[in-house]
>>> print(open('start31.csv').read())   # CSV, C-alpha atoms and all ligand atoms
chain,number,residue,atom,x,y,z
A,1,MET,CA,0.0,0.0,0.0
A,2,PRO,CA,1.4,3.4,-1.0
A,3,VAL,CA,2.1,6.2,1.4
A,4,THR,CA,-0.4,9.0,0.8
A,5,VAL,CA,0.2,12.7,1.3
A,6,SER,CA,-2.5,15.2,0.5
A,7,PHE,CA,-2.7,18.9,0.2
A,8,VAL,CA,-6.1,20.4,1.1
A,9,GLY,CA,-7.5,23.8,2.0
A,10,GLN,CA,-10.6,25.8,2.5
A,11,LYS,CA,-9.5,28.6,0.1
A,12,GLY,CA,-8.3,28.8,-3.5
A,13,GLY,CA,-4.8,30.0,-4.5
A,14,VAL,CA,-3.1,29.3,-1.2
A,15,GLY,CA,-0.5,26.9,-2.6
A,16,LYS,CA,-1.9,23.4,-2.7
A,17,SER,CA,-0.8,22.6,-6.2
A,18,THR,CA,2.5,24.4,-5.7
A,19,LEU,CA,3.4,22.3,-2.7
A,20,ALA,CA,2.1,19.1,-4.3
A,21,ARG,CA,4.2,19.7,-7.3
A,22,ALA,CA,7.2,20.5,-5.2
A,23,PHE,CA,6.9,17.3,-3.2
A,24,ALA,CA,6.4,15.3,-6.4
A,25,ALA,CA,9.6,16.8,-7.8
A,26,VAL,CA,11.5,15.9,-4.5
A,27,ALA,CA,10.2,12.4,-4.8
A,28,ALA,CA,11.2,12.1,-8.5
A,29,ARG,CA,14.7,13.3,-7.6
A,30,GLY,CA,14.9,10.8,-4.8
A,31,LYS,CA,14.0,8.1,-7.3
A,32,LEU,CA,10.8,7.2,-5.4
A,33,LYS,CA,8.1,5.6,-7.4
A,34,ALA,CA,5.4,8.3,-7.0
A,35,LYS,CA,2.2,9.4,-8.5
A,36,LEU,CA,0.9,13.0,-8.4
A,37,VAL,CA,-2.9,12.7,-8.2
A,38,ASP,CA,-4.8,15.7,-9.4
A,39,LEU,CA,-8.4,15.7,-8.0
A,40,ASP,CA,-9.1,19.2,-9.4
A,41,LEU,CA,-10.7,18.0,-12.6
A,42,ASN,CA,-11.6,21.5,-13.7
A,43,GLN,CA,-8.1,23.1,-13.5
A,44,GLN,CA,-5.8,20.1,-13.7
A,45,THR,CA,-3.0,22.4,-12.7
A,46,SER,CA,-0.7,19.6,-11.6
A,47,VAL,CA,-1.3,17.5,-14.7
A,48,ARG,CA,-0.6,20.4,-17.0
A,49,TRP,CA,2.6,21.2,-15.1
A,50,ALA,CA,3.8,17.6,-15.4
A,51,THR,CA,3.1,17.7,-19.1
A,52,THR,CA,5.2,20.9,-19.5
A,53,ARG,CA,7.9,19.3,-17.4
A,54,ALA,CA,8.0,16.2,-19.6
A,55,ALA,CA,7.9,18.3,-22.8
A,56,ARG,CA,10.9,20.3,-21.6
A,57,GLY,CA,12.9,17.1,-21.2
A,58,SER,CA,13.2,17.0,-17.4
A,59,THR,CA,15.6,14.5,-16.1
A,60,PHE,CA,13.2,13.9,-13.3
A,61,PRO,CA,9.7,13.6,-14.9
A,62,VAL,CA,6.7,13.4,-12.6
A,63,ASP,CA,3.9,10.9,-13.3
A,64,ALA,CA,0.7,13.0,-12.8
A,65,GLU,CA,-2.9,11.9,-13.5
A,66,ALA,CA,-6.4,13.3,-12.9
A,67,PHE,CA,-9.1,11.4,-11.1
A,68,SER,CA,-12.6,12.3,-10.0
A,69,THR,CA,-12.4,10.6,-6.6
A,70,ILE,CA,-9.7,9.6,-4.1
A,71,GLU,CA,-10.9,6.0,-4.2
A,72,ASP,CA,-10.4,5.8,-7.9
A,73,ALA,CA,-7.0,7.4,-7.6
A,74,LEU,CA,-5.8,5.0,-4.9
A,75,ALA,CA,-7.2,2.0,-6.8
A,76,HIS,CA,-5.1,3.0,-9.8
A,77,SER,CA,-1.9,3.7,-7.7
A,78,GLN,CA,-1.3,0.5,-5.9
A,79,SER,CA,2.0,-0.1,-7.6
A,80,VAL,CA,3.7,3.1,-6.5
A,81,ASP,CA,5.4,3.9,-3.2
A,82,LEU,CA,4.0,7.4,-2.7
A,83,VAL,CA,0.8,9.1,-3.7
A,84,ILE,CA,0.7,12.9,-3.6
A,85,VAL,CA,-2.8,14.3,-3.8
A,86,ASP,CA,-3.6,17.8,-5.1
A,87,THR,CA,-7.2,18.8,-4.3
A,88,PRO,CA,-9.7,21.4,-5.5
A,89,GLY,CA,-10.0,24.9,-4.1
A,90,HIS,CA,-12.5,24.4,-1.4
A,91,ALA,CA,-13.0,21.7,1.2
A,92,SER,CA,-15.9,19.4,0.7
A,93,PRO,CA,-17.2,16.1,2.1
A,94,GLU,CA,-14.6,14.5,-0.3
A,95,THR,CA,-11.9,16.4,1.7
A,96,LEU,CA,-12.7,14.3,4.7
A,97,GLU,CA,-12.4,11.1,2.7
A,98,ILE,CA,-9.0,12.2,1.3
A,99,ALA,CA,-7.8,13.0,4.8
A,100,ARG,CA,-9.0,9.7,6.1
A,101,LYS,CA,-7.0,7.9,3.5
A,102,SER,CA,-3.8,10.0,4.0
A,103,HIS,CA,-0.8,9.4,6.2
A,104,VAL,CA,-0.2,13.2,6.2
A,105,VAL,CA,-2.5,16.0,5.4
A,106,VAL,CA,-0.9,19.4,4.6
A,107,LEU,CA,-2.9,22.6,4.8
A,108,PRO,CA,-1.1,25.4,3.0
A,109,THR,CA,-2.1,28.9,4.1
A,110,GLY,CA,-1.3,32.5,3.6
A,111,ALA,CA,-0.6,34.7,6.6
A,112,SER,CA,-3.6,36.9,6.8
A,113,THR,CA,-6.4,36.2,9.3
A,114,ASP,CA,-8.6,35.8,6.3
A,115,ASP,CA,-6.5,32.7,5.3
A,116,LEU,CA,-5.6,31.5,8.8
A,117,TYR,CA,-9.1,31.4,10.3
A,118,PRO,CA,-10.6,29.0,7.7
A,119,THR,CA,-7.5,26.9,7.9
A,120,VAL,CA,-7.8,26.5,11.6
A,121,LEU,CA,-11.5,25.8,11.3
A,122,LEU,CA,-10.8,23.1,8.7
A,123,LEU,CA,-8.1,21.6,11.0
A,124,TYR,CA,-10.7,21.5,13.8
A,125,GLU,CA,-13.3,19.9,11.6
A,126,LEU,CA,-10.9,17.2,10.4
A,127,GLU,CA,-9.9,16.5,14.0
A,128,GLN,CA,-13.5,16.3,15.1
A,129,MET,CA,-14.1,13.8,12.3
A,130,GLY,CA,-11.5,11.6,13.8
A,131,ILE,CA,-8.3,12.5,11.8
A,132,PRO,CA,-5.4,12.2,14.3
A,133,LYS,CA,-4.0,15.6,15.0
A,134,ASP,CA,-0.4,14.5,14.4
A,135,ARG,CA,-1.3,13.7,10.8
A,136,LEU,CA,-2.2,17.3,10.1
A,137,ALA,CA,0.3,20.1,9.4
A,138,VAL,CA,0.1,23.6,8.2
A,139,ALA,CA,2.5,25.0,5.6
A,140,LEU,CA,3.0,28.7,5.6
A,141,CYS,CA,3.0,30.0,2.1
A,142,ARG,CA,3.1,33.2,0.0
A,143,LEU,CA,4.7,35.2,2.8
A,144,LEU,CA,6.0,38.7,2.3
A,145,GLU,CA,7.9,39.4,5.6
A,146,LEU,CA,9.5,37.4,8.4
A,147,ARG,CA,7.3,38.9,11.0
A,148,GLU,CA,4.3,37.8,9.0
A,149,GLU,CA,5.7,34.2,9.3
A,150,HIS,CA,6.2,34.5,13.1
A,151,ALA,CA,2.7,35.8,13.6
A,152,ALA,CA,1.1,33.2,11.4
A,153,ARG,CA,3.0,30.4,13.1
A,154,LYS,CA,1.9,31.6,16.5
A,155,TYR,CA,-1.7,31.8,15.4
A,156,VAL,CA,-1.7,28.1,14.2
A,157,ASN,CA,0.3,26.8,17.2
A,158,THR,CA,-1.8,28.7,19.7
A,159,ALA,CA,-4.8,27.0,18.2
A,160,GLY,CA,-3.1,23.7,19.0
A,161,TYR,CA,-1.9,22.6,15.5
A,162,GLU,CA,1.5,21.9,14.0
A,163,THR,CA,3.3,24.0,11.4
A,164,LEU,CA,6.0,22.6,9.1
A,165,HIS,CA,9.4,24.2,9.6
A,166,GLY,CA,10.3,26.9,7.1
A,167,SER,CA,8.0,28.8,4.9
A,168,ILE,CA,7.5,29.8,1.2
A,169,PRO,CA,7.8,33.5,0.4
A,170,GLU,CA,5.9,35.1,-2.4
A,171,ARG,CA,8.4,35.4,-5.3
A,172,ALA,CA,8.2,35.8,-9.0
A,173,GLY,CA,11.0,33.2,-9.2
A,174,TYR,CA,8.7,30.5,-8.0
A,175,ARG,CA,6.1,31.5,-10.6
A,176,SER,CA,8.5,31.4,-13.5
A,177,ALA,CA,9.8,28.0,-12.3
A,178,HIS,CA,6.2,26.7,-12.5
A,179,ASN,CA,5.8,28.1,-16.0
A,180,GLN,CA,8.7,26.0,-17.1
A,181,GLY,CA,7.6,22.8,-15.4
A,182,GLN,CA,10.0,23.2,-12.5
A,183,SER,CA,9.2,23.3,-8.8
A,184,LEU,CA,9.8,25.4,-5.7
A,185,THR,CA,13.2,23.7,-5.2
A,186,GLU,CA,14.2,24.0,-8.8
A,187,THR,CA,14.2,27.7,-9.5
A,188,THR,CA,17.2,29.6,-10.9
A,189,ASP,CA,17.7,31.2,-7.5
A,190,GLN,CA,19.6,29.0,-5.0
A,191,ALA,CA,18.3,31.0,-2.0
A,192,LEU,CA,14.7,30.3,-3.1
A,193,ASN,CA,15.5,26.7,-3.6
A,194,ARG,CA,17.1,26.4,-0.1
A,195,ARG,CA,14.1,28.0,1.5
A,196,ALA,CA,11.7,25.6,-0.2
A,197,ARG,CA,13.9,22.6,0.7
A,198,THR,CA,13.6,23.4,4.4
A,199,LEU,CA,9.9,23.1,4.2
A,200,MET,CA,10.1,19.9,2.0
A,201,GLU,CA,12.5,18.3,4.4
A,202,SER,CA,10.2,19.1,7.3
A,203,LEU,CA,7.3,17.4,5.4
A,204,LEU,CA,9.5,14.4,4.5
A,205,GLU,CA,10.4,14.0,8.2
A,206,LYS,CA,6.7,14.1,9.1
A,207,VAL,CA,5.8,11.5,6.5
A,208,LEU,CA,8.5,9.2,7.7
A,209,VAL,CA,7.3,9.5,11.3
A,210,GLN,CA,3.7,8.8,10.3
A,211,LEU,CA,4.8,5.9,8.1
A,212,LYS,CA,6.5,4.2,11.1
A,213,ALA,CA,3.5,4.8,13.3
A,214,SER,CA,0.7,4.1,10.9
A,215,LYS,CA,-1.1,0.7,11.0
A,216,PRO,CA,-2.2,0.4,7.3
A,217,CYS,CA,1.3,0.8,6.1
A,218,GLU,CA,3.1,-1.4,8.5
A,219,LYS,CA,4.8,-4.3,6.9
A,220,GLN,CA,5.6,-6.6,9.8
A,221,THR,CA,8.7,-8.7,9.6
A,222,GLY,CA,9.0,-12.0,11.4
A,223,ASN,CA,10.3,-10.3,14.6
A,224,GLY,CA,7.4,-7.8,14.6
A,225,SER,CA,9.5,-4.8,13.6
A,226,ILE,CA,8.5,-2.5,10.8
A,227,ALA,CA,10.2,-3.4,7.5
A,301,LIG,N1,5.2,31.4,-3.1
A,301,LIG,C1,4.7,31.8,-4.3
A,301,LIG,N2,5.2,32.9,-5.0
A,301,LIG,C2,4.7,33.3,-6.1
A,301,LIG,N3,3.7,32.7,-6.7
A,301,LIG,C3,3.1,31.7,-6.1
A,301,LIG,C4,3.6,31.2,-4.9
A,301,LIG,N4,2.8,30.1,-4.5
A,301,LIG,C5,1.9,30.0,-5.5
A,301,LIG,N5,2.1,30.9,-6.5
A,301,LIG,C6,1.3,31.0,-7.7
A,301,LIG,O1,0.0,31.3,-7.2
A,301,LIG,C7,-1.0,30.7,-8.0
A,301,LIG,C8,-1.9,29.8,-7.1
A,301,LIG,O2,-1.1,28.8,-6.5
A,301,LIG,P1,-1.5,27.3,-6.4
A,301,LIG,O3,-2.0,26.9,-7.8
A,301,LIG,O4,-0.5,26.5,-5.9
A,301,LIG,O5,-2.7,27.4,-5.4
A,301,LIG,P2,-3.9,26.4,-5.1
A,301,LIG,O6,-4.1,26.4,-3.7
A,301,LIG,O7,-3.6,25.1,-5.7
A,301,LIG,O8,-5.1,27.1,-5.9
A,301,LIG,P3,-6.5,26.4,-6.3
A,301,LIG,O9,-7.3,26.4,-5.1
A,301,LIG,O10,-7.1,27.3,-7.3
A,301,LIG,O11,-6.2,25.0,-6.8
A,301,LIG,C9,-0.2,29.9,-9.1
A,301,LIG,O12,-0.2,30.7,-10.2
A,301,LIG,C10,1.2,29.7,-8.5
A,301,LIG,O13,2.2,29.7,-9.5
A,302,MG,MG,-4.6,23.9,-7.2
>>> encode(input="start31.csv", output="structure tokens", more="lines below")
Ligand SMILES: Nc1ncnc2c1ncn2[C@@H]1O[C@H](COP(=O)(O)OP(=O)(O)OP(=O)(O)O)[C@@H](O)[C@H]1O
Ligand SMILES: [Mg+2]
Amino acid sequence: MPVTVSFVGQKGGVGKSTLARAFAAVAARGKLKAKLVDLDLNQQTSVRWATTRAARGSTFPVDAEAFSTIEDALAHSQSVDLVIVDTPGHASPETLEIARKSHVVVLPTGASTDDLYPTVLLLYELEQMGIPKDRLAVALCRLLELREEHAARKYVNTAGYETLHGSIPERAGYRSAHNQGQSLTETTDQALNRRARTLMESLLEKVLVQLKASKPCEKQTGNGSIA
């Protein structure tokens, strides 16, 4: 059974597709067998990005495919190690199903209260629906100033939820990377790449912790330890 990491949110344009693509690119560079699942059938941002990436001859192509439901996506992804799920703009009943089937659920958010409030509300709803809190993490995105990051992190942490280390600033360099089928860690600016890598590493660490703890993914060896 593959490890599933999903990117969900209550608002559009906060960075779900951006982080999903970045994580898929990290997985491709790490030679992991991964599939980027695009559940946003209207936009298919991630699928189009992967097509551009392939057309530009990337050494690390990303396998992206659109599906209408998480069940369908997972049924077609049993042969991969990692499923990365990019979801549509607004949370829906399907969001809960996606969260239930994910080892880690990432909620990207901007730093304004307009973004943070619905993010914390969604975290609370997911928790109330039985999603363990330690599977949930907020990713601070599209920030303009360091103090904005501090305040946003405090807001989320005070509400009792985890934030991934690092943050993604709002930069034209990230946008032009996307335009060329590249990701947050693959821009032409090494400082931007480093910044994005910090957040990606934090996510990777969380995924590994959940993978070890999570029942559905345990492969028991003869002595009972996790393979
Ligand atoms: N840190 C950033 N700096 C500059 N541009 C960014 C940044 N993050 C995202 N963008 C751009 O903002 C737009 C929205 O980002 P993205 O598609 O990741 O959001 P989303 O949450 O997936 O939106 P939707 O809800 O519509 O699917 C895209 O054009 C993306 O390239
Ligand atoms: Mg999107």
>>> atom_distance(input="start31.csv", atom1="CA of Lys31 in chain A", atom2="CA of Ser202 in chain A")
18.7 Å
>>> residues_near_ligand(input="start31.csv", ligand="ligand MG 302 (chain A)", cutoff="9 Å", atoms="all atoms listed in the file", output="list in words")
Gly12, Gly13, Val14, Gly15, Lys16, Ser17, Thr18, Ala20, Asp38, Asp40, Gln43, Gln44, Thr45, Ser46, Asp86, Thr87, Pro88 and Gly89 of chain A
>>> closest_residue(input="start31.csv", among="A:Arg53, A:Arg21, A:His103, A:Lys212", to="Asp134 in chain A", atoms="all atoms listed in the file")
A:His103
>>> residues_around(input="start31.csv", residues="range 149-159 of chain A", least_positions_apart="2", cutoff="10 Å", atoms="all atoms listed in the file", output="PyMOL selection string")
chain A and resi 109-113+115-117+119-121+123-124+137-147+161-169
>>> atom_distance(input="start31.csv", atom1="CA of Pro2 in chain A", atom2="CA of Val80 in chain A")
6.0 Å
>>> residues_near_point(input="start31.csv", point="(-11.3, 13.1, 3.4)", cutoff="10 Å", atoms="all atoms listed in the file", output="JSON, numbers by chain")
{"A": [6, 8, 70, 91, 92, 93, 94, 95, 96, 97, 98, 99, 100, 101, 102, 105, 126, 129, 131]}
>>> atom_distance(input="start31.csv", atom1="CA of Gly173 in chain A", atom2="atom C9 of ligand LIG 301 (chain A)")
11.7 Å
>>> residues_around(input="start31.csv", residues="Ser58 in chain A", least_positions_apart="2", cutoff="12 Å", atoms="only C-alpha atoms", output="PyMOL selection string")
chain A and resi 25+28-29+49-56+60-63+180-183+186
>>> closest_residue(input="start31.csv", among="A:Ala66, A:Ala191, A:Leu199, A:Leu136", to="Val85 in chain A", atoms="all atoms listed in the file")
A:Ala66
>>> closest_residue(input="start31.csv", among="A:Asp114, A:Glu170, A:Glu205, A:Glu65", to="ligand LIG 301 (chain A)", atoms="all atoms listed in the file")
A:Glu170
>>> closest_residue(input="start31.csv", among="A:Arg135, A:His76, A:Arg175, A:Arg197", to="ligand LIG 301 (chain A)", atoms="only C-alpha atoms and all ligand atoms")
A:Arg175
>>> closest_residue(input="start31.csv", among="A:Val47, A:Glu127, A:Asp81, A:Leu211", to="ligand LIG 301 (chain A)", atoms="only C-alpha atoms and all ligand atoms")
A:Val47
